[in-house]
Structure formats: structure tokens, C-alpha cells
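For reference, the structure is listed below as C-alpha cells.
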Amino acid sequence: MSINGALQSAITGLRISQAGLDVVAQNVASANQPGYTRKVLQQSTQIVDNRVIGLRSQGTVRTVDNLLQSSLRTESAGGKFTNITAQYADRLNQLFGTPGDAASLDAVLNQFTNALQQLATSPENAVSQSQVVDRANVLVQQVRSISDQIQSLRLESEQGINDAVQRANDALQRISQIDQQISAAASASQEPSDLLDARDQAINDLSNIIDIRVQERSDRSVSIFTRSGVSLFDRQPVTLSFDPRATITPQQSYDIDPTKRGVGTITLTSVGGLSVDLVAQSAFRSGEIAAYLNLRDRILPEAQAQLDNFAAGLAEATSEKSVAGTATTNAGGTGFGIDVSQLRPGDHLSFTVNVGGAVRNVTVVRVDDASKLPLNNTVTANPNDEVVGIGFSGGNSAAAAALQTALQAKFGTGVSVTNPPGSPNVLEVVSDGSAATTITAASATVTETSLAGGTTALPLFVDGGNANQIFSDSLDNTPQRRGFAQRFAVNGALQADPAALVKFSSTTSAGDPARPNAILDAITRNVRTFVPAGTIGSATAPASGTLTNYLQRVISDKGQIAATAKSIDSGQQVVVSGLQNRFDSDAKVNTDEELSNLIQLQQTYQASARILTVVRDLTQALLNA
């Protein structure tokens, strides 16, 4: 190598070494800065006239694995989803308590049934009568408290969505500002490594809130979409807005129809002014927002529905009574007449019809709110009945005509319904006498409204939020069952006269245990079928059992949901942690490694400086020769 070549190599070596030392110094100084990624100096061989004359610096680049970074963002969104879900599932589980614990809901129910057992053994005892009322009030307060707290959790979720939306907008604005600077730097052939770090930090913040995917353009700018395909950023950010509610009740739920929606929704407004309801579009599949939406609109309402089922079951089991149909013959046909004088909205008639040898069960529900008609078969818990909704507000004659129209639509003109003269409160359902269609059974299930109605049924529990109305599971206006647990109450008339727990008629003996035993049987022994709610029951296989069984299943369900959510979250956090460690091993600064590089660069610098000294000495020797 010539002296000039040696000189050139030494000078480039000094420059590269100095640039490398600067990069190492920056890495070490910024090692603890959030979002900072390790930088390395790019070098290339400098060749002139087919001769290597040294090295050339090509600037610094980040040590970021883009594919790994994308996976980390996806799994981090999943981690936020599972973590929030697990936290709320655990809190929900704690509301119901552990089966057998003294403070759990099933323990409170057991205290109530124990009081009923005591009353059944000594029905004339005033202390036992008052004890049942007291325990009923404790049970009611426990149910109402759980319902209130479920709605509080829903409100927290609503507020969580509101906060997340604000932070998402902040992140999008930061991304927009930095993205413009990156494009400008790229146009000026500058390496925007620090800007890329800052933008990545903002994108990471957004990815925790919303599950996103990022596409980078040739000019280093990016486009951002949700995983469902909704564009959030393309040169300019969209604006997200949320209309939170200050309070939330069981009656408030999400609906794509704005006039029916009782909770907030997330609206995307594009740069061009187009507005889209992202909740209606199911745009959120993971991340914080998706978790809060899932809690507010599915998990917590399902828990409320199960609690409503339990409260409604207690009210119905103690107050409902059956009215048998009376066989009748009309115009050559046979069938049954049913007294409908006590039929309240929500009460129902039941018919068994044999059509050509096929047995079909029909449930006729009283529904006076015409906007709720027609009903579908899922209104009742029975998966094998055909449901018909009929209004009675226009009188029994009009109801008979409407019922005939509905039944003939199902079975043809071989079935007729009348409100016979002289029997204003009776509906007669008869066949035409042909063998093709026969009415084989008929009855009514009605709600007892009196404490002394002559049967063991009584309205022990009432709708305390609606002026202590009798609970009959009415579907009119807002369905009475929805949120009933929050309005659950002990009948005020019974609290004023606990003796009515025993005395159901003017002739009932003070020592008659019939009513206490009937109430106890209704709760602990009689099997009921429950409307599907959450994971308990389905449209084709509804849950059945006693009320105590159902409550135990609800409590167990909450425990299982919490345990499953915790397990899923633990697994997801392992995945996130593993990806983060892999990403950090390349992208984060290792000070030990940087110090090792520093030593090597110092040695390289010293070697280049030594070459310069040798070149100087050689040049001086030549000049002196």
C-alpha cells in the first residue's frame, strides 16, 4: 500500500471510529429512555480505481425486527383484553361469593329457607313468622346490592371506554405529527431513527387500546387500520368520539338503532366528515376498548340476567297458581273453557293440540303492548312450545277473535275460539269435531295478587321499583323481568301482617303449615325451567332445576368464568412477555455490550492514529532524505 493509501485508510478509520463512538455514547445515554431502540452505524467499503481506500459511513439505523414488532403489538392488545377481563371477572365473582361462605348469596337463601322450615314446624309462632319476613328482607337486600354493583361495574366499563377513546385520539395525533416529520426527513435523505422511535412509541400506545395493523410506505410514512379493516390513519388521523352515560341501569343496553340505544357508542369521523358507528361495525376485537365493550354489553348483562332469573323465579314460584280448563262442547266440537278473569300481562294459557297424531303445545301469553307482537318462541323457557301473544286490553271478545286468528293460522279452521254469552270471563277453545284436530288439554297459569286468595300461593315478592306492583313477568313496555333483581322487594302488606304467611283464607287455622310448606317446596323442591342467560342454558336445552339449584349454578358459573379468565390471562401474559424479551434482546440497549463495543472502537481509533503517526514519520524521513 502506498503512503497516500495508508493515509486515506487511517483518516477514514478515525472518522468511522469517531462516528461509532458517538453512536455508542448515544445508546448508553438513552438506554433508559422509554421507546428508545439501539442504533448501529452502517458502513460500506470505499473503492477508487478498483482499490479499497477505506470505509464510508452511511448513517445510523435501528435494530428493530418489524415482523416481531407487529406480533408484539397484536399480542399486547390481547394481553390488555385478557387482563381487564380477568380483573372484572374476579370482581364479579366476589359479588356472588364462594358457595358455602356465610356472606355468599346461597348462604343468605339458605337462611331464608331455614326460617321457612322453622315456620312450618310452628306456624302459629309470631316470632317464626317475623323471622321469615326478616330473612326475606335480608335476601332481597343482598340480591339488590349485587344488582347495583353489577351496574356499577358496567358504568366503570363505560368510563373506561371514554378514557380509552380519548387516549386513542391523543396517540393518533402524535402519530400524525411525527409521521409528517419522518416524511420530510426521508425526502431530505436523512435517517429519522429517533423520530421512528417516537412514532413507534405512539403506535404501541394505540395498539394497547385498539387491535391494529400498520403498513409502512416507501417514504417511511405509515397507514394504520384496525384488525377488522377500518382505517384509522392515512396521512391524516380520523377522530373518535364517545357519548358516555352518567348512569347505567339494567334497562340500558347497546342497540344499533340510536333511538333505542341506552349506552355510549364509539363514532369514527373521517377526514371527509363521514361518520361510522364502530360498535355497530364490530370494529374492536382486542385491546382495552374491546374488553370494556365485552364487559359492558355481554359479560355483565348476562350476570344481571341470571340474577333477574333468580329473583323472578322466587316471585313466580311463590305467587303463580294454575287454573284448570273445563271440558266443553260447542257446535259439535269439543274443547275447553278457561276462566281468564285473573289473567294479568305476562300470565299465560296453555293448550295441547293433537294434529293428525302429532302433539303440539301452544303457550298464549297476555301482551297488551301491541308493539311487542308477534312473539317468538324464545319468549318462554320451554323449547318445545309454540308461543302466541294476545292482547286483552280491548276486552275478552276481542281477545277471543285475535286468538282464533292465531290458532287457525297454525291449525286451520278446525279450531275456533269464542267468548260465550253469559260467561264474560271465559274463553272457549274447541275443535270442529273432526278427528284431524283435537284439543286434548288446556289450563291457565295466573299470578295471585292477594295474601288471602284462598290458596297457598301469595305475592311474597313484588316489583319494588314500580310502586310495589305484582310481578307477573309482563312483556308490556319494558319487560318486567329486565332488571327486576334491582327492584326486588318483599310485599309491604306481608311485612305489615306476617301472619299472612300462614293464613291464606278466613278459615285457615293458625297452626296450618300448608302455606309455609308450599313456599318451601316452591323454592327448594319444585323443578322449574329457566330462560337461557349467558352460559346457563340454551334455546334448545334450557336449564332446569330448583331455585336453590339454579342459584348454586349461577354462583359456580361466576367462579368458573373468573378462573378461566385468570388462566387465559396468565397464558397471554407469558406470550407477551416472551415476545417482549425477544424484541428487547435486539432492539434495547445492552450497556455491557455497548461498553465492549466502546473498547473495540477505542482500539480501532488508536490503531488508525498509530498509522497516521507512522505515515507522518515516513513522510518526514522522505523529506529529510
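Labels used: A, B, ... for chains in the order of the C-alpha cells, numbers from 1 for residues in each chain, and numbers from 1 for ligands as shown.
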Please provide the set of residues having any atom within 12 Å of Gln166 (chain A), restricted to only C-alpha atoms, with same-chain residues fewer than 2 positions apart removed, written as a short mmCIF file (atom, residue, chain, number, x, y, z; two decimals) with N, CA and C atoms, in the first residue's frame.
```cif
data_model
loop_
_atom_site.label_atom_id
_atom_site.label_comp_id
_atom_site.auth_asym_id
_atom_site.auth_seq_id
_atom_site.Cartn_x
_atom_site.Cartn_y
_atom_site.Cartn_z
N GLN A 159 -66.99 4.25 31.52
CA GLN A 159 -65.98 5.28 31.75
C GLN A 159 -64.62 4.85 31.21
N GLY A 160 -64.33 3.54 31.31
CA GLY A 160 -63.08 3.02 30.75
C GLY A 160 -63.03 3.21 29.24
N ILE A 161 -64.16 3.00 28.57
CA ILE A 161 -64.22 3.22 27.12
C ILE A 161 -63.97 4.70 26.81
N ASN A 162 -64.59 5.56 27.58
CA ASN A 162 -64.44 7.00 27.35
C ASN A 162 -62.98 7.43 27.48
N ASP A 163 -62.32 6.95 28.53
CA ASP A 163 -60.90 7.28 28.73
C ASP A 163 -60.04 6.71 27.61
N ALA A 164 -60.31 5.47 27.21
CA ALA A 164 -59.53 4.83 26.16
C ALA A 164 -59.67 5.56 24.83
N ALA A 168 -56.74 7.18 22.67
CA ALA A 168 -56.55 6.77 21.28
C ALA A 168 -56.44 7.99 20.36
N ASN A 169 -57.28 8.99 20.59
CA ASN A 169 -57.19 10.22 19.79
C ASN A 169 -55.85 10.92 20.01
N ASP A 170 -55.39 10.96 21.26
CA ASP A 170 -54.09 11.58 21.55
C ASP A 170 -52.97 10.85 20.81
N ALA A 171 -53.02 9.52 20.83
CA ALA A 171 -52.00 8.73 20.15
C ALA A 171 -52.03 8.97 18.64
N LEU A 172 -53.21 9.05 18.07
CA LEU A 172 -53.33 9.29 16.63
C LEU A 172 -52.78 10.67 16.26
N GLN A 173 -53.02 11.66 17.10
CA GLN A 173 -52.48 13.00 16.82
C GLN A 173 -50.95 13.00 16.88
N LEU A 206 -51.27 3.09 21.05
CA LEU A 206 -52.54 2.88 20.35
C LEU A 206 -52.88 1.40 20.27
N ILE A 209 -54.77 -0.08 23.07
CA ILE A 209 -56.17 0.36 23.17
C ILE A 209 -57.03 -0.32 22.11
N THR A 239 -61.06 10.95 13.68
CA THR A 239 -61.41 11.38 15.04
C THR A 239 -62.41 10.39 15.62
N LEU A 240 -62.11 9.91 16.81
CA LEU A 240 -63.02 9.01 17.51
C LEU A 240 -63.75 9.78 18.59
N SER A 241 -65.04 9.53 18.73
CA SER A 241 -65.82 10.20 19.77
C SER A 241 -66.67 9.18 20.50
N PHE A 242 -66.99 9.49 21.74
CA PHE A 242 -67.79 8.60 22.57
C PHE A 242 -68.78 9.42 23.38
N ASP A 243 -70.01 8.98 23.46
CA ASP A 243 -71.05 9.71 24.20
C ASP A 243 -71.41 8.94 25.46
N PRO A 244 -70.62 9.09 26.52
CA PRO A 244 -70.82 8.28 27.73
C PRO A 244 -72.10 8.65 28.46
N ILE A 266 -69.04 4.34 20.04
CA ILE A 266 -67.84 4.98 19.50
C ILE A 266 -68.09 5.31 18.04
N ILE A 289 -60.45 -1.25 24.57
CA ILE A 289 -61.83 -0.91 24.20
C ILE A 289 -62.67 -2.16 24.02
#
```
Might you pull out every residue within 8 Å of region 176-186 of chain A, with only C-alpha atoms counted and same-chain residues fewer than 2 positions away left off, and present them as a PyMOL selection string?
chain A and resi 172-174+188-192+195-196+198-199+219-222+233+235-237
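Interatomic distance, CA of Ala436 (chain A) against CA of Val340 (chain A): 27.4 Å.
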DSSP on the backbone, then: every residue of region 320-540 of chain A marked strand (DSSP E or B), written as a ChimeraX atom specification.
/A:320-324,326-330,333-339,348-355,358-366,385-390,415-418,426-431,437-447,461-463,469-470,488-490,528-529,533,536
Using the chain letters and numbers from this document, which residues of region 234-331 of chain A does DSSP assign to helix (DSSP H, G or I), as an mmCIF file with C-alpha atoms, in the first residue's frame?
```cif
data_model
loop_
_atom_site.group_PDB
_atom_site.id
_atom_site.type_symbol
_atom_site.label_atom_id
_atom_site.label_comp_id
_atom_site.auth_asym_id
_atom_site.auth_seq_id
_atom_site.Cartn_x
_atom_site.Cartn_y
_atom_site.Cartn_z
ATOM 1 C CA GLY A 287 -57.343 -4.333 23.253
ATOM 2 C CA GLU A 288 -58.756 -2.162 26.041
ATOM 3 C CA ILE A 289 -61.828 -0.906 24.203
ATOM 4 C CA ALA A 290 -62.880 -4.385 23.107
ATOM 5 C CA ALA A 291 -62.516 -5.644 26.694
ATOM 6 C CA TYR A 292 -64.666 -2.871 28.145
ATOM 7 C CA LEU A 293 -67.302 -3.312 25.431
ATOM 8 C CA ASN A 294 -67.406 -7.046 26.067
ATOM 9 C CA LEU A 295 -67.872 -6.444 29.778
ATOM 10 C CA ARG A 296 -70.469 -3.696 29.430
ATOM 11 C CA ASP A 297 -72.539 -5.369 26.721
ATOM 12 C CA ARG A 298 -72.133 -9.120 27.315
ATOM 13 C CA ILE A 299 -70.493 -10.480 30.475
ATOM 14 C CA LEU A 300 -72.092 -8.113 32.998
ATOM 15 C CA PRO A 301 -75.573 -8.052 31.378
ATOM 16 C CA GLU A 302 -75.504 -11.866 31.353
ATOM 17 C CA ALA A 303 -74.803 -11.844 35.094
ATOM 18 C CA GLN A 304 -77.667 -9.384 35.575
ATOM 19 C CA ALA A 305 -79.984 -11.589 33.514
ATOM 20 C CA GLN A 306 -79.105 -14.614 35.647
ATOM 21 C CA LEU A 307 -79.787 -12.626 38.815
ATOM 22 C CA ASP A 308 -83.071 -11.404 37.303
ATOM 23 C CA ASN A 309 -83.985 -15.021 36.540
ATOM 24 C CA PHE A 310 -83.391 -15.952 40.158
ATOM 25 C CA ALA A 311 -85.419 -13.033 41.538
ATOM 26 C CA ALA A 312 -88.205 -13.597 39.017
ATOM 27 C CA GLY A 313 -88.190 -17.294 39.862
ATOM 28 C CA LEU A 314 -88.686 -16.530 43.555
ATOM 29 C CA ALA A 315 -91.563 -14.155 42.786
ATOM 30 C CA GLU A 316 -93.250 -16.529 40.333
ATOM 31 C CA ALA A 317 -92.732 -19.716 42.308
ATOM 32 C CA THR A 318 -94.498 -18.309 45.350
ATOM 33 C CA SER A 319 -97.296 -16.417 43.549
#
```
Env of Gln404 (chain A): 8 Å cut, atoms = only C-alpha atoms, seq-sep filter 6 positions within chain, self excluded. Answer as number ranges by chain.
A: 415-418
Dump of C-alpha atoms for the selected residues, as a CSV table (one decimal), in the first residue's frame:
```csv
chain,number,residue,atom,x,y,z
A,415,VAL,CA,-110.1,-24.7,15.7
A,416,SER,CA,-112.4,-21.9,17.0
A,417,VAL,CA,-112.2,-19.6,20.0
A,418,THR,CA,-115.3,-17.8,21.5
```
Expressed in Å to a single decimal, how great is the separation between CA of Glu158 (chain A) and CA of Ser570 (chain A)?
25.2 Å
Report, in Å with one decimal, the straight-line distance from CA of Ile536 (chain A) to CA of Val387 (chain A).
21.8 Å
Residues near Glu448 (chain A), cut-off 12 Å, only C-alpha atoms, skip fewer than 2 positions along chain, as number ranges by chain:
A: 315-323, 341-344, 347, 445-446, 450-462, 469-472, 504
Near Phe96 (chain A), within 8 Å and counting only C-alpha atoms, which residues show up once chain neighbours fewer than 3 positions away are dropped, as an MDAnalysis selection string?
chainID A and resid 92:93 104:105 146 555 558
Output for the residues just chosen: N, CA and C atoms as a PDB file, in the first residue's frame:
```pdb
ATOM      1  N   LEU A  92     -66.603  -9.638  39.764  1.00  0.00           N
ATOM      2  CA  LEU A  92     -67.972 -10.139  39.625  1.00  0.00           C
ATOM      3  C   LEU A  92     -68.165 -11.397  40.464  1.00  0.00           C
ATOM      4  N   ASN A  93     -67.186 -12.265  40.445  1.00  0.00           N
ATOM      5  CA  ASN A  93     -67.255 -13.494  41.231  1.00  0.00           C
ATOM      6  C   ASN A  93     -67.356 -13.191  42.716  1.00  0.00           C
ATOM      7  N   SER A 104     -72.119 -15.384  51.200  1.00  0.00           N
ATOM      8  CA  SER A 104     -72.497 -15.638  49.814  1.00  0.00           C
ATOM      9  C   SER A 104     -74.010 -15.623  49.672  1.00  0.00           C
ATOM     10  N   LEU A 105     -74.464 -15.426  48.442  1.00  0.00           N
ATOM     11  CA  LEU A 105     -75.896 -15.320  48.188  1.00  0.00           C
ATOM     12  C   LEU A 105     -76.614 -16.620  48.508  1.00  0.00           C
ATOM     13  N   ILE A 146     -76.185  -6.799  44.884  1.00  0.00           N
ATOM     14  CA  ILE A 146     -75.394  -7.397  43.797  1.00  0.00           C
ATOM     15  C   ILE A 146     -75.774  -6.762  42.462  1.00  0.00           C
ATOM     16  N   ILE A 555     -73.707 -19.094  40.868  1.00  0.00           N
ATOM     17  CA  ILE A 555     -72.501 -18.801  41.639  1.00  0.00           C
ATOM     18  C   ILE A 555     -71.314 -19.593  41.092  1.00  0.00           C
ATOM     19  N   LYS A 558     -70.030 -18.049  37.862  1.00  0.00           N
ATOM     20  CA  LYS A 558     -69.189 -16.866  38.057  1.00  0.00           C
ATOM     21  C   LYS A 558     -67.774 -17.276  38.469  1.00  0.00           C
TER      22      LYS A 558
END
```
Need to verify the contact set: Thr247 (chain A), 12 Å, only C-alpha atoms, exclusion of same-chain residues closer than 6 positions in sequence. Can you return it as a list in words?
Asp148, Gln151, Ser152, Leu153, Arg154, Leu155, Glu156, Ser157, Glu158, Gln159, Ser253, Gly262, Val263 and Gly264 of chain A
Restricting the calculation to only C-alpha atoms, which member of A:Gly395, A:Gly412, A:Gly35, A:Pro498 is positioned closest to Asp200 (chain A)?
A:Gly35
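Comparing A:Gln201, A:Ile212, A:Val531, A:Thr440 by their smallest distance to Thr378 (chain A), the closest is A:Val531 (using only C-alpha atoms).
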Just want the 10 Å neighbourhood of Val140 (chain A), counted on only C-alpha atoms, with same-chain residues fewer than 3 positions away dropped. Output as a PyMOL selection string.
chain A and resi 108-109+134-137+143-145+311+461+485-490
Convert the current residue selection to file output with C-alpha atoms, as a JSON list (two decimals), in the first residue's frame.
```
[["chain", "number", "residue", "atom", "x", "y", "z"],
["A", 108, "VAL", "CA", -78.45, -15.97, 52.59],
["A", 109, "LEU", "CA", -81.01, -18.02, 50.65],
["A", 134, "ASP", "CA", -86.76, -10.58, 58.22],
["A", 135, "ARG", "CA", -84.78, -13.24, 56.34],
["A", 136, "ALA", "CA", -86.73, -12.44, 53.17],
["A", 137, "ASN", "CA", -85.70, -8.80, 53.53],
["A", 143, "VAL", "CA", -79.91, -9.51, 45.58],
["A", 144, "ARG", "CA", -80.47, -5.78, 45.07],
["A", 145, "SER", "CA", -76.95, -4.95, 46.26],
["A", 311, "ALA", "CA", -85.42, -13.03, 41.54],
["A", 461, "PHE", "CA", -92.06, -10.72, 46.48],
["A", 485, "ALA", "CA", -83.33, -8.00, 40.74],
["A", 486, "GLN", "CA", -82.57, -4.32, 41.24],
["A", 487, "ARG", "CA", -86.24, -3.64, 42.11],
["A", 488, "PHE", "CA", -86.78, -6.84, 44.10],
["A", 489, "ALA", "CA", -88.82, -6.25, 47.29],
["A", 490, "VAL", "CA", -90.82, -8.02, 49.97]]
```
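In this comparison, which uses only C-alpha atoms, the residue of A:Asn466, A:Pro532, A:Pro516, A:Arg38 approaching Ser128 (chain A) most closely is A:Pro516.
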